[in-house]
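Taking it in order: structure first as structure tokens, then the write-up.
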Amino acid sequence: MSENESSVLTEQASGTAARWTLGLPPDDYVLGHVRAVLPDRIVDDAWIAVRDGRIAEVAPQPAGSAADVDGAGLLCVPGVVDVHSDGLEREILPRPSARLPWEFAILSFEGKLRAAGVTTVFHGASFEEGTSPSTMRSVERTSELCATVAARGPAPVDHRLLHRLDVRSPEGIAALRERFDTTDPGDVPPLVSHEDHTPGQGQYADRRHYERYVAGTRGLSDGEAKDHVDQLIVEREGRLTVREEALEWLGGLARSGAIRLLGHDPASAVEIDELVARGGSVAEFPTTLEAAEAARERGLPVIAGAPNVLRGGSHAGNVSGSDLAARGLLTALASDYLPSGLTAAAFLLATRGVTSLPAAIGLITGGAAEAAGLTDRGRLAPGLRADLVLMQPGDPWPVVRSVLRAEET
């Protein structure tokens, strides 16, 4: 830091800056007396200087100095980045017959995100037609979700999209093509996750898990669920050509840099090799240890679901996120559908000694930002966005006390 910058920060810390609230921090301030969680260590009694909405310095609190905000010894971590959230589509429909207005749903869900320390979220926008066992997904509803996110504009949370494409859905492919043809890609290439939830492979390699899921979410008997899955498999087996065309199209976009491609539920090293050849950049929710190991060998980030860690395993009988973390294969956690699960899962891993606290926090901050292709956030480091979260650690459950998010620049 230059002498001039240091002088300005000292003036701020002396109390000459204008008054402000934690809900809307200014572009320039000093946060003092926190335990700053860096990627490789924790700095006790630290201060964090912010200039123009960016971190200028993270250092031990200078003796005898004051700060604009006293962190009272709370942990300070980077704003949490959620690279895959299906929570908004659930927020609009808390009960099957109780649909809420989109504008209300995003505000309501935003409150849950803030309470969880999430400052950047990628909402799952599912380009498919009625194949999800838990929600009645459709191209029309996805269009509404995308429009709602776009209309939110500047907000306490950075709302973004994860385009989820069912590669056997011709309606979904057509809608995603139209979206890419008519929408500004934004500051980074759009995230696209290609998925195939046909029972008997991928996430539901054991189709009985899918049958139980359908029975529980749609109120079907065991026999009715089995018949439903039989019909679904026959219908989707007739769409292999659609799948091939979709993957070829996505591969062309990924290799050209037009999108950042995630492979959803890869199950083998062969699938990872195919993903890499397709231009894929991330292994999202690998279902087996083999796939996770292959992804890391090929240099791909590996994402697991926070609920998987909290539950102690996958609801579909797939590989455990905790096991991946213990083996050093996990690079990011996503909420999937539970924002509060992110910090909880990270602290659970640290409390159980699976990994260190800085490494665990990295799974929901820097690791998640890397998976999303965002280079301006995720770490407490000079030059990055001053998205800061103050939290009280627990054994193991933490509590978010305050969120200070930099304004859009």
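Within each chain, counting starts at residue 1; across the structure tokens, chains are named A, B, ... in the order shown, with ligands numbered 1 upward in that order.
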
- Message: Write out as a PyMOL selection string the set of residues from stretch 260-350 of chain A that DSSP, computed on the backbone, places in alpha helix (DSSP H).
- Response: chain A and resi 269-277+289-297+306-311+321-326+341-350

How would the residues just chosen look if you wrote them out with C-alpha atoms as a PDB file, in the first residue's frame?
ATOM      1  CA  ALA A 269     -13.218 -41.656 -15.944  1.00  0.00           C
ATOM      2  CA  VAL A 270     -14.481 -42.176 -19.496  1.00  0.00           C
ATOM      3  CA  GLU A 271     -17.193 -39.573 -18.955  1.00  0.00           C
ATOM      4  CA  ILE A 272     -14.607 -37.145 -17.587  1.00  0.00           C
ATOM      5  CA  ASP A 273     -12.420 -37.684 -20.655  1.00  0.00           C
ATOM      6  CA  GLU A 274     -15.443 -37.032 -22.878  1.00  0.00           C
ATOM      7  CA  LEU A 275     -16.249 -33.881 -20.893  1.00  0.00           C
ATOM      8  CA  VAL A 276     -12.705 -32.561 -21.322  1.00  0.00           C
ATOM      9  CA  ALA A 277     -12.757 -33.341 -25.053  1.00  0.00           C
ATOM     10  CA  LEU A 289     -14.789 -41.765  -6.584  1.00  0.00           C
ATOM     11  CA  GLU A 290     -13.450 -42.815  -9.983  1.00  0.00           C
ATOM     12  CA  ALA A 291     -14.995 -39.805 -11.697  1.00  0.00           C
ATOM     13  CA  ALA A 292     -13.752 -37.379  -9.029  1.00  0.00           C
ATOM     14  CA  GLU A 293     -10.213 -38.728  -9.214  1.00  0.00           C
ATOM     15  CA  ALA A 294     -10.216 -38.518 -12.999  1.00  0.00           C
ATOM     16  CA  ALA A 295     -11.501 -34.942 -12.861  1.00  0.00           C
ATOM     17  CA  ARG A 296      -8.719 -33.799 -10.562  1.00  0.00           C
ATOM     18  CA  GLU A 297      -6.116 -35.639 -12.668  1.00  0.00           C
ATOM     19  CA  ALA A 306     -23.446 -29.295   0.908  1.00  0.00           C
ATOM     20  CA  PRO A 307     -26.527 -31.399   1.877  1.00  0.00           C
ATOM     21  CA  ASN A 308     -24.496 -34.495   0.973  1.00  0.00           C
ATOM     22  CA  VAL A 309     -21.898 -33.477   3.584  1.00  0.00           C
ATOM     23  CA  LEU A 310     -24.531 -32.620   6.197  1.00  0.00           C
ATOM     24  CA  ARG A 311     -26.377 -35.915   5.727  1.00  0.00           C
ATOM     25  CA  GLY A 321     -18.795 -35.407  -0.334  1.00  0.00           C
ATOM     26  CA  SER A 322     -16.988 -35.829   2.986  1.00  0.00           C
ATOM     27  CA  ASP A 323     -14.980 -38.715   1.540  1.00  0.00           C
ATOM     28  CA  LEU A 324     -14.011 -36.577  -1.444  1.00  0.00           C
ATOM     29  CA  ALA A 325     -12.882 -33.803   0.913  1.00  0.00           C
ATOM     30  CA  ALA A 326     -10.882 -36.237   3.036  1.00  0.00           C
ATOM     31  CA  GLY A 341     -26.071 -25.750   4.363  1.00  0.00           C
ATOM     32  CA  LEU A 342     -22.973 -24.107   2.883  1.00  0.00           C
ATOM     33  CA  THR A 343     -21.371 -22.626   5.999  1.00  0.00           C
ATOM     34  CA  ALA A 344     -22.754 -25.491   8.086  1.00  0.00           C
ATOM     35  CA  ALA A 345     -21.113 -28.119   5.875  1.00  0.00           C
ATOM     36  CA  ALA A 346     -17.808 -26.243   5.823  1.00  0.00           C
ATOM     37  CA  PHE A 347     -17.671 -25.997   9.615  1.00  0.00           C
ATOM     38  CA  LEU A 348     -18.722 -29.627   9.972  1.00  0.00           C
ATOM     39  CA  LEU A 349     -15.774 -30.729   7.832  1.00  0.00           C
ATOM     40  CA  ALA A 350     -13.417 -28.594   9.935  1.00  0.00           C
TER      41      ALA A 350
END

- Message: If we count only C-alpha atoms and set the cut-off at 9 Å, which residues sit around A:Glu89, ignoring sequence neighbours fewer than 5 positions away in its own chain? Please answer as a list in words.
- Response: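 The residues that qualify are Ala105, His123, Gly124, Ala125, Thr135, Arg137, Arg141, Thr142 and Leu145 of chain A.
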
For N, CA and C atoms, I'd like the residues from the last selection saved as an mmCIF file, in the first residue's frame.
data_model
loop_
_atom_site.group_PDB
_atom_site.id
_atom_site.type_symbol
_atom_site.label_atom_id
_atom_site.label_comp_id
_atom_site.auth_asym_id
_atom_site.auth_seq_id
_atom_site.Cartn_x
_atom_site.Cartn_y
_atom_site.Cartn_z
ATOM 1 N N ALA A 105 -40.915 -13.943 -4.451
ATOM 2 C CA ALA A 105 -40.092 -15.126 -4.201
ATOM 3 C C ALA A 105 -38.608 -14.792 -4.189
ATOM 4 N N HIS A 123 -28.457 -19.126 -9.779
ATOM 5 C CA HIS A 123 -29.755 -19.802 -9.719
ATOM 6 C C HIS A 123 -29.853 -20.830 -10.835
ATOM 7 N N GLY A 124 -30.240 -22.044 -10.487
ATOM 8 C CA GLY A 124 -30.438 -23.066 -11.503
ATOM 9 C C GLY A 124 -31.643 -22.742 -12.366
ATOM 10 N N ALA A 125 -31.402 -22.579 -13.660
ATOM 11 C CA ALA A 125 -32.476 -22.329 -14.631
ATOM 12 C C ALA A 125 -32.562 -23.571 -15.511
ATOM 13 N N THR A 135 -40.199 -31.249 -9.002
ATOM 14 C CA THR A 135 -40.839 -30.007 -9.424
ATOM 15 C C THR A 135 -41.311 -30.145 -10.864
ATOM 16 N N ARG A 137 -40.963 -28.759 -13.798
ATOM 17 C CA ARG A 137 -40.139 -27.825 -14.552
ATOM 18 C C ARG A 137 -40.654 -27.715 -15.977
ATOM 19 N N ARG A 141 -41.661 -21.774 -17.271
ATOM 20 C CA ARG A 141 -41.296 -21.352 -15.916
ATOM 21 C C ARG A 141 -39.848 -20.894 -15.859
ATOM 22 N N THR A 142 -38.972 -21.561 -16.594
ATOM 23 C CA THR A 142 -37.570 -21.153 -16.618
ATOM 24 C C THR A 142 -37.412 -19.766 -17.220
ATOM 25 N N LEU A 145 -38.236 -17.385 -14.543
ATOM 26 C CA LEU A 145 -37.143 -17.293 -13.565
ATOM 27 C C LEU A 145 -36.021 -16.407 -14.077
#

- Query: With only C-alpha atoms as the atoms that count, which of A:Ser256, A:Thr351, A:Thr365, A:Thr375 lies nearest to A:Asp395?
  - Reply: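 Of A:Ser256, A:Thr351, A:Thr365, A:Thr375, the one nearest A:Asp395 is A:Thr351, counting only C-alpha atoms.
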
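Coordinates place atom CA of A:Tyr337 at a distance of 16.7 Å from atom CA of A:Leu363.
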
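Among the candidates A:Arg243, A:Arg179, A:Arg19, A:Arg405, the one nearest to A:Asp68 when counting only C-alpha atoms is A:Arg19.
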
- Query: Hey, can you check how far atom CA of A:Gly280 sits from atom CA of A:Leu250?
  - Reply: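 Pair atom CA of A:Gly280 / atom CA of A:Leu250 returns 9.1 Å.
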
Show me, as a CSV table (one decimal) with all heavy atoms, in the first residue's frame, the residues that have an atom within 12 Å of A:Leu107 when counting only C-alpha atoms, minus same-chain residues fewer than 4 positions from it.
chain,number,residue,atom,x,y,z
A,88,LEU,N,-34.6,-21.0,-5.6
A,88,LEU,CA,-35.6,-20.0,-6.1
A,88,LEU,C,-36.8,-20.7,-6.7
A,88,LEU,O,-38.0,-20.3,-6.4
A,88,LEU,CB,-35.0,-19.1,-7.1
A,88,LEU,CG,-35.9,-18.0,-7.6
A,88,LEU,CD1,-36.5,-17.1,-6.5
A,88,LEU,CD2,-35.1,-17.0,-8.6
A,91,GLU,N,-38.8,-21.7,-3.8
A,91,GLU,CA,-39.4,-20.6,-3.1
A,91,GLU,C,-40.7,-20.1,-3.7
A,91,GLU,O,-41.6,-19.7,-2.9
A,91,GLU,CB,-38.4,-19.4,-3.1
A,91,GLU,CG,-38.7,-18.4,-2.1
A,91,GLU,CD,-38.3,-18.8,-0.6
A,91,GLU,OE1,-37.6,-19.7,-0.5
A,91,GLU,OE2,-38.7,-18.1,0.3
A,92,ILE,N,-40.8,-20.2,-5.0
A,92,ILE,CA,-42.0,-19.8,-5.6
A,92,ILE,C,-43.2,-20.7,-5.4
A,92,ILE,O,-44.4,-20.4,-5.6
A,92,ILE,CB,-41.8,-19.5,-7.1
A,92,ILE,CG1,-43.0,-18.7,-7.7
A,92,ILE,CG2,-41.6,-20.8,-7.9
A,92,ILE,CD1,-42.8,-18.4,-9.2
A,100,LEU,N,-46.4,-18.5,-5.5
A,100,LEU,CA,-46.2,-17.1,-5.1
A,100,LEU,C,-45.8,-16.3,-6.3
A,100,LEU,O,-45.3,-16.8,-7.3
A,100,LEU,CB,-45.2,-17.1,-4.0
A,100,LEU,CG,-45.5,-17.9,-2.7
A,100,LEU,CD1,-44.3,-17.9,-1.8
A,100,LEU,CD2,-46.7,-17.4,-2.0
A,101,PRO,N,-45.9,-15.0,-6.2
A,101,PRO,CA,-45.4,-14.1,-7.2
A,101,PRO,C,-43.8,-14.2,-7.3
A,101,PRO,O,-43.2,-14.3,-6.3
A,101,PRO,CB,-45.8,-12.7,-6.8
A,101,PRO,CG,-46.9,-12.9,-5.8
A,101,PRO,CD,-46.6,-14.2,-5.1
A,102,TRP,N,-43.3,-14.2,-8.5
A,102,TRP,CA,-41.9,-14.3,-8.7
A,102,TRP,C,-41.1,-13.1,-8.0
A,102,TRP,O,-40.1,-13.3,-7.4
A,102,TRP,CB,-41.5,-14.2,-10.2
A,102,TRP,CG,-41.6,-15.5,-10.9
A,102,TRP,CD1,-42.6,-15.9,-11.8
A,102,TRP,CD2,-40.7,-16.6,-10.8
A,102,TRP,NE1,-42.3,-17.2,-12.2
A,102,TRP,CE2,-41.2,-17.7,-11.6
A,102,TRP,CE3,-39.6,-16.9,-10.0
A,102,TRP,CZ2,-40.6,-18.9,-11.8
A,102,TRP,CZ3,-39.0,-18.1,-10.1
A,102,TRP,CH2,-39.5,-19.1,-11.0
A,103,GLU,N,-41.7,-11.9,-8.1
A,103,GLU,CA,-41.0,-10.8,-7.5
A,103,GLU,C,-40.9,-10.9,-6.0
A,103,GLU,O,-39.9,-10.5,-5.4
A,103,GLU,CB,-41.8,-9.5,-7.8
A,103,GLU,CG,-41.8,-9.1,-9.3
A,103,GLU,CD,-42.8,-9.9,-10.1
A,103,GLU,OE1,-43.6,-10.7,-9.5
A,103,GLU,OE2,-42.9,-9.7,-11.3
A,111,GLY,N,-33.4,-13.0,1.3
A,111,GLY,CA,-33.2,-13.0,2.7
A,111,GLY,C,-32.6,-14.2,3.3
A,111,GLY,O,-31.7,-14.2,4.2
A,112,LYS,N,-32.9,-15.4,2.7
A,112,LYS,CA,-32.3,-16.6,3.2
A,112,LYS,C,-30.8,-16.7,2.8
A,112,LYS,O,-30.0,-17.2,3.5
A,112,LYS,CB,-33.0,-17.8,2.6
A,112,LYS,CG,-34.5,-18.0,3.1
A,112,LYS,CD,-35.2,-19.1,2.4
A,112,LYS,CE,-36.6,-19.2,2.9
A,112,LYS,NZ,-37.3,-20.4,2.3
A,113,LEU,N,-30.5,-16.2,1.6
A,113,LEU,CA,-29.1,-16.1,1.1
A,113,LEU,C,-28.3,-15.3,2.0
A,113,LEU,O,-27.2,-15.6,2.4
A,113,LEU,CB,-29.1,-15.6,-0.3
A,113,LEU,CG,-29.7,-16.6,-1.4
A,113,LEU,CD1,-29.8,-15.8,-2.7
A,113,LEU,CD2,-28.9,-17.8,-1.6
A,114,ARG,N,-28.8,-14.1,2.3
A,114,ARG,CA,-28.1,-13.1,3.2
A,114,ARG,C,-27.8,-13.8,4.5
A,114,ARG,O,-26.7,-13.6,5.1
A,114,ARG,CB,-28.8,-11.8,3.3
A,114,ARG,CG,-28.9,-11.0,2.0
A,114,ARG,CD,-27.7,-10.2,1.8
A,114,ARG,NE,-27.6,-9.1,2.8
A,114,ARG,CZ,-26.6,-8.2,2.8
A,114,ARG,NH1,-25.6,-8.3,1.9
A,114,ARG,NH2,-26.5,-7.3,3.7
A,148,THR,N,-37.0,-12.8,-14.0
A,148,THR,CA,-37.0,-12.3,-12.6
A,148,THR,C,-35.6,-12.0,-12.1
A,148,THR,O,-35.4,-10.9,-11.5
A,148,THR,CB,-37.7,-13.3,-11.7
A,148,THR,OG1,-39.0,-13.6,-12.1
A,148,THR,CG2,-37.7,-12.8,-10.2
A,149,VAL,N,-34.7,-12.8,-12.4
A,149,VAL,CA,-33.3,-12.6,-12.0
A,149,VAL,C,-32.8,-11.3,-12.7
A,149,VAL,O,-32.1,-10.5,-12.0
A,149,VAL,CB,-32.4,-13.8,-12.3
A,149,VAL,CG1,-30.9,-13.5,-12.1
A,149,VAL,CG2,-32.8,-15.0,-11.4
A,151,ALA,N,-34.5,-8.8,-13.8
A,151,ALA,CA,-35.2,-7.6,-13.4
A,151,ALA,C,-34.8,-7.2,-12.0
A,151,ALA,O,-35.0,-6.0,-11.6
A,151,ALA,CB,-36.7,-7.9,-13.4
A,152,ARG,N,-34.2,-8.1,-11.2
A,152,ARG,CA,-33.8,-7.7,-9.8
A,152,ARG,C,-32.7,-6.6,-9.8
A,152,ARG,O,-32.7,-5.8,-8.9
A,152,ARG,CB,-33.2,-9.0,-9.1
A,152,ARG,CG,-32.9,-8.7,-7.6
A,152,ARG,CD,-34.1,-8.4,-6.8
A,152,ARG,NE,-33.7,-8.1,-5.4
A,152,ARG,CZ,-33.7,-6.9,-4.9
A,152,ARG,NH1,-34.1,-5.8,-5.6
A,152,ARG,NH2,-33.4,-6.7,-3.6
A,153,GLY,N,-31.8,-6.6,-10.8
A,153,GLY,CA,-30.8,-5.6,-10.9
A,153,GLY,C,-29.9,-5.5,-9.7
A,153,GLY,O,-29.7,-6.5,-9.0
A,155,ALA,N,-28.5,-5.5,-6.2
A,155,ALA,CA,-29.2,-6.0,-5.0
A,155,ALA,C,-28.2,-6.4,-3.9
A,155,ALA,O,-27.0,-6.4,-4.2
A,155,ALA,CB,-30.0,-7.2,-5.4
A,156,PRO,N,-28.6,-6.7,-2.7
A,156,PRO,CA,-27.7,-7.1,-1.7
A,156,PRO,C,-27.0,-8.4,-2.0
A,156,PRO,O,-26.0,-8.8,-1.3
A,156,PRO,CB,-28.6,-7.2,-0.5
A,156,PRO,CG,-29.7,-6.3,-0.7
A,156,PRO,CD,-30.0,-6.4,-2.2
A,157,VAL,N,-27.5,-9.1,-3.0
A,157,VAL,CA,-26.9,-10.4,-3.5
A,157,VAL,C,-26.6,-10.3,-5.0
A,157,VAL,O,-27.5,-9.7,-5.7
A,157,VAL,CB,-27.7,-11.6,-3.1
A,157,VAL,CG1,-27.2,-12.9,-3.7
A,157,VAL,CG2,-27.9,-11.8,-1.6
A,159,HIS,N,-27.1,-11.8,-8.1
A,159,HIS,CA,-27.9,-12.8,-8.7
A,159,HIS,C,-27.4,-13.2,-10.1
A,159,HIS,O,-27.4,-12.3,-11.0
A,159,HIS,CB,-29.4,-12.4,-8.7
A,159,HIS,CG,-30.0,-12.2,-7.4
A,159,HIS,ND1,-30.5,-13.3,-6.6
A,159,HIS,CD2,-30.2,-11.1,-6.7
A,159,HIS,CE1,-31.0,-12.8,-5.5
A,159,HIS,NE2,-30.8,-11.5,-5.5

- Task: Please measure the separation of atom CA of A:Ala72 and atom CA of A:Ser108, giving the value in Å to one decimal.
- Result: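 Distance between the two atoms: 29.4 Å.
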
- Just the strand (DSSP E) stuff from stretch 222-378 of chain A, please, per backbone DSSP, written as a ChimeraX atom specification. /A:260-264,282-284,302-305,332-334

Mind dumping the selected residues with C-alpha atoms as an mmCIF file, in the first residue's frame?
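Written output follows (result.cif):
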data_model
loop_
_atom_site.group_PDB
_atom_site.id
_atom_site.type_symbol
_atom_site.label_atom_id
_atom_site.label_comp_id
_atom_site.auth_asym_id
_atom_site.auth_seq_id
_atom_site.Cartn_x
_atom_site.Cartn_y
_atom_site.Cartn_z
ATOM 1 C CA ARG A 260 -18.231 -22.323 -19.311
ATOM 2 C CA LEU A 261 -19.391 -25.946 -19.389
ATOM 3 C CA LEU A 262 -20.051 -28.117 -16.339
ATOM 4 C CA GLY A 263 -20.601 -31.855 -16.546
ATOM 5 C CA HIS A 264 -23.440 -32.830 -14.194
ATOM 6 C CA VAL A 282 -15.915 -28.423 -14.179
ATOM 7 C CA ALA A 283 -17.061 -31.761 -12.761
ATOM 8 C CA GLU A 284 -20.324 -31.019 -10.971
ATOM 9 C CA VAL A 302 -14.878 -30.816 -8.414
ATOM 10 C CA ILE A 303 -18.163 -29.659 -6.849
ATOM 11 C CA ALA A 304 -20.203 -31.587 -4.302
ATOM 12 C CA GLY A 305 -23.470 -30.739 -2.606
ATOM 13 C CA ALA A 332 -16.059 -26.530 -4.013
ATOM 14 C CA LEU A 333 -19.396 -27.021 -2.298
ATOM 15 C CA ALA A 334 -22.757 -25.890 -3.674
#

- Find the residue from A:Pro26, A:Pro339, A:Gly362, A:Gly317 that sits nearest to A:Asp86; use only C-alpha atoms when measuring. A:Pro339

- Task: Find the residues around A:Pro62 up to 9 Å (only C-alpha atoms counted), leave out those fewer than 4 positions away in its own chain, and share them as JSON, numbers by chain.
- Result: {"A": [46, 47, 66]}

Please produce a file of those selected residues containing N, CA, C and O atoms, as a PDB file, in the first residue's frame.
ATOM      1  N   ALA A  46      -7.112  -9.104  13.368  1.00  0.00           N
ATOM      2  CA  ALA A  46      -6.711  -8.478  12.097  1.00  0.00           C
ATOM      3  C   ALA A  46      -7.595  -7.283  11.794  1.00  0.00           C
ATOM      4  O   ALA A  46      -8.672  -7.105  12.364  1.00  0.00           O
ATOM      5  N   TRP A  47      -7.107  -6.441  10.880  1.00  0.00           N
ATOM      6  CA  TRP A  47      -7.975  -5.426  10.306  1.00  0.00           C
ATOM      7  C   TRP A  47      -7.958  -5.577   8.801  1.00  0.00           C
ATOM      8  O   TRP A  47      -7.003  -6.098   8.210  1.00  0.00           O
ATOM      9  N   ALA A  66      -7.517   2.612  15.753  1.00  0.00           N
ATOM     10  CA  ALA A  66      -8.963   2.425  15.780  1.00  0.00           C
ATOM     11  C   ALA A  66      -9.432   2.046  14.385  1.00  0.00           C
ATOM     12  O   ALA A  66      -8.689   2.176  13.408  1.00  0.00           O
TER      13      ALA A  66
END

- Task: With a distance cut-off of 10 Å and only C-alpha atoms, select the neighbouring residues of A:Ala150, excluding the residue or stretch itself and same-chain residues fewer than 6 positions from it, and output the selection as a PyMOL selection string.
- Result: chain A and resi 144+159-161

- Message: Could you list, as a ChimeraX atom specification, every residue within 12 Å of A:Thr241, counting only C-alpha atoms and ignoring same-chain residues fewer than 4 positions away?
- Response: /A:167-170,236-237,245-248

Can I get the selected residues back with N, CA and C atoms, as a short mmCIF file (atom, residue, chain, number, x, y, z; two decimals), in the first residue's frame?
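Saved file selection.cif follows:
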data_model
loop_
_atom_site.label_atom_id
_atom_site.label_comp_id
_atom_site.auth_asym_id
_atom_site.auth_seq_id
_atom_site.Cartn_x
_atom_site.Cartn_y
_atom_site.Cartn_z
N VAL A 167 -30.17 -32.77 -21.74
CA VAL A 167 -29.71 -33.00 -23.12
C VAL A 167 -30.65 -33.91 -23.92
N ARG A 168 -31.70 -34.41 -23.30
CA ARG A 168 -32.69 -35.19 -24.06
C ARG A 168 -34.00 -34.42 -24.21
N SER A 169 -33.96 -33.11 -23.96
CA SER A 169 -35.17 -32.29 -24.07
C SER A 169 -35.07 -31.37 -25.28
N PRO A 170 -35.74 -31.68 -26.37
CA PRO A 170 -35.69 -30.79 -27.54
C PRO A 170 -36.25 -29.41 -27.23
N ARG A 236 -37.38 -41.64 -23.02
CA ARG A 236 -36.09 -40.95 -23.15
C ARG A 236 -35.08 -41.75 -23.97
N GLU A 237 -35.23 -43.06 -24.02
CA GLU A 237 -34.35 -43.86 -24.88
C GLU A 237 -34.57 -43.53 -26.34
N GLU A 245 -26.86 -34.51 -30.49
CA GLU A 245 -26.85 -33.17 -31.11
C GLU A 245 -26.63 -32.09 -30.05
N ALA A 246 -27.24 -32.25 -28.88
CA ALA A 246 -27.08 -31.26 -27.81
C ALA A 246 -25.64 -31.19 -27.33
N LEU A 247 -25.02 -32.35 -27.12
CA LEU A 247 -23.65 -32.38 -26.63
C LEU A 247 -22.68 -31.81 -27.68
N GLU A 248 -22.95 -32.08 -28.93
CA GLU A 248 -22.10 -31.54 -30.00
C GLU A 248 -22.21 -30.01 -30.04
#

- When distances are computed from only C-alpha atoms, which of A:Ser221, A:Ser97, A:Thr21, A:Ser193 shows the smallest separation from A:Val83?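 Using only C-alpha atoms, A:Val83 sits closest to A:Ser193.
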
- Choose the residue, out of A:Arg212, A:Arg35, A:Arg41, A:Arg379, that has the smallest atom-to-atom separation from A:Met391; count only C-alpha atoms.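 Between A:Arg212, A:Arg35, A:Arg41, A:Arg379, the residue approaching A:Met391 most closely is A:Arg35.
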